[in-house]
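Have a look at the structure below before the remarks.
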Amino acid sequence: MGKVYKITLEVERFDPDIRRSWVQDYSLEVGGILRFTDVFRRINEELDPTLAWNSSCEHAQCGTCAVMVNHRPLLACELLVENAVHQFSTMRFRIGPIKVAPVVRDLVVDLEKAYDRVHKVKPYVINRAKNPLEGHEYRIPPEILDRYVEATRCINCFCCAAACISHPRSFLGPNAMLASIVRIMDPREEEKEERLKILHSEQGLYRCHTSKACSHVCPKQIDVAHFLALAKQGAF
Ligand code: SF4
Ligand code: SF4
């Protein structure tokens with residue numbers, strides 16, 4: 001049997017019905033290969049069925065389970081207990097919601113509100129360029145794709161937005177900027193002007209202070225700040 005860890009989660013809770021916030025400790029013995037989503041589930045099954053949290057794919061592909069662990073935004077489905085103990089050098093973990101939108105309950109935030117900021121940049125091809133190879137799929141030359149393919153790995157988990165030092169009220173956020181930059185770099189998109197207008201708007205690119213916190217926390221290892229810097233230089 002693998003090593004067992006006695007851990008304590010200090011969970012930031014919020015009950016919208018009585019508008020009350022508090023921190024609740026949950027202590028339990030868990031195997032090292034359990035993920036934090038599994039730990040949340042164990043809490044629901046064994047200690048407290050009322051603790052609310054979010055997850056969907058639990059394969060680090062949807063971003064739904066993003067939470068703050070000891071003040072660092074990350075995907076709970078990717079974090080093994082054993083790794084967390086080593087990474088944070090503790091058995092106590094402060095768990096909170098990612099505050100990129102209003103908290104609905106406990107660890108659940110209003111993701112629709114968070115997505116509103118991404119929708120503002122229109123994260124899709126607005127005006128499709130004519131395909132040079134009519135009747136075939138649009139083939140992007142590898143040397144062009146190489147310049148931005150890293151950014152297409154974004155799953156909109158909002159970890160970068162949670163780490164960003166710019167306020168969500170004044171800044172659309174690193175992932176929204178990234179979505180816009182991807183489309184500007186995408187040769188299938190003809191509508192560059194509208195995109196540049198959004199990028200350079202009041203809530204756009206220049207709200208970024210180049211702190212690079214976004215790049216440090218991205219679970220998909222995207223150097224978000226690099227793409228924002230490219231856009232600031234107009235070097236698409
Ligand atoms: S850039 Fe990275 S951290 Fe930000 S939303 Fe996309 S995947 Fe998440
Ligand atoms: S580099 Fe810019 S976008 Fe990234 S965390 Fe810092 S301020 Fe936010």
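All residue names refer to the structure tokens as shown: chains lettered A, B, ... in order, residues numbered from 1 in each chain, ligands numbered from 1 in order.
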Determine, using only C-alpha atoms and all ligand atoms, which residues of chain A have any atom at most 6 Å from an atom of ligand 2, and tabulate each with its shortest atom pair and distance in Å to one decimal place, rows ordered by chain and then rising number, as a tab-separated table.
residue	atom	partner	partner_atom_place_in_ligand_line	distance
A:Ala163	CA	ligand 2	5 (S)	5.9
A:Cys164	CA	ligand 2	5 (S)	3.6
A:Ile165	CA	ligand 2	7 (S)	5.2
A:Ser166	CA	ligand 2	7 (S)	5.4
A:Pro174	CA	ligand 2	3 (S)	4.3
A:Cys208	CA	ligand 2	2 (Fe)	3.6
A:His209	CA	ligand 2	7 (S)	4.0
A:Thr210	CA	ligand 2	1 (S)	3.5
A:Ser211	CA	ligand 2	6 (Fe)	3.6
A:Lys212	CA	ligand 2	1 (S)	3.7
A:Ala213	CA	ligand 2	5 (S)	4.1
A:Cys214	CA	ligand 2	5 (S)	4.1
A:Ala225	CA	ligand 2	1 (S)	4.6
Hey, what does DSSP flag as alpha helix (DSSP H) within segment 10-65 of chain A? Can you give it to me as a ChimeraX atom specification? /A:36-42
Got a sec to check which residues lie within 9 Å of ligand 1, using only C-alpha atoms and all ligand atoms, and send them as an NGL selection string? :A and (61 or 63 or 66 or 73-74 or 151-163 or 173-176 or 178-179 or 214-224)
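The residue that comes closest to Glu82 of chain A, out of A:Ile18, A:Ala229, A:Leu172, A:Leu34 and on the basis of only C-alpha atoms, is A:Leu34.
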Find the residues near Val85 of chain A: any atom within 12 Å, counting only C-alpha atoms, skip ones fewer than 4 places away on the same chain, and give them as a list in words. Lys3, Val4, Tyr5, Lys6, Ile7, Thr8, Leu9, Val30, Gly31, Gly32, Ile33, Leu34, Arg35, Phe36, Val69, Asn70, Leu79, Leu80, Val81, Ser89, Thr90, Met91, Arg92 and Phe93 of chain A
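The neighbours of Met185 of chain A here are the residues that come within 7 Å of it, using only C-alpha atoms and leaving out any residue fewer than 4 positions away in the same chain; they are Tyr148, Ile181 and Phe236 of chain A.
When only C-alpha atoms are used to measure the gap to Leu205 of chain A, the shortest distance among A:Ser21, A:Ser55, A:Thr37, A:Ser180 belongs to A:Ser180.
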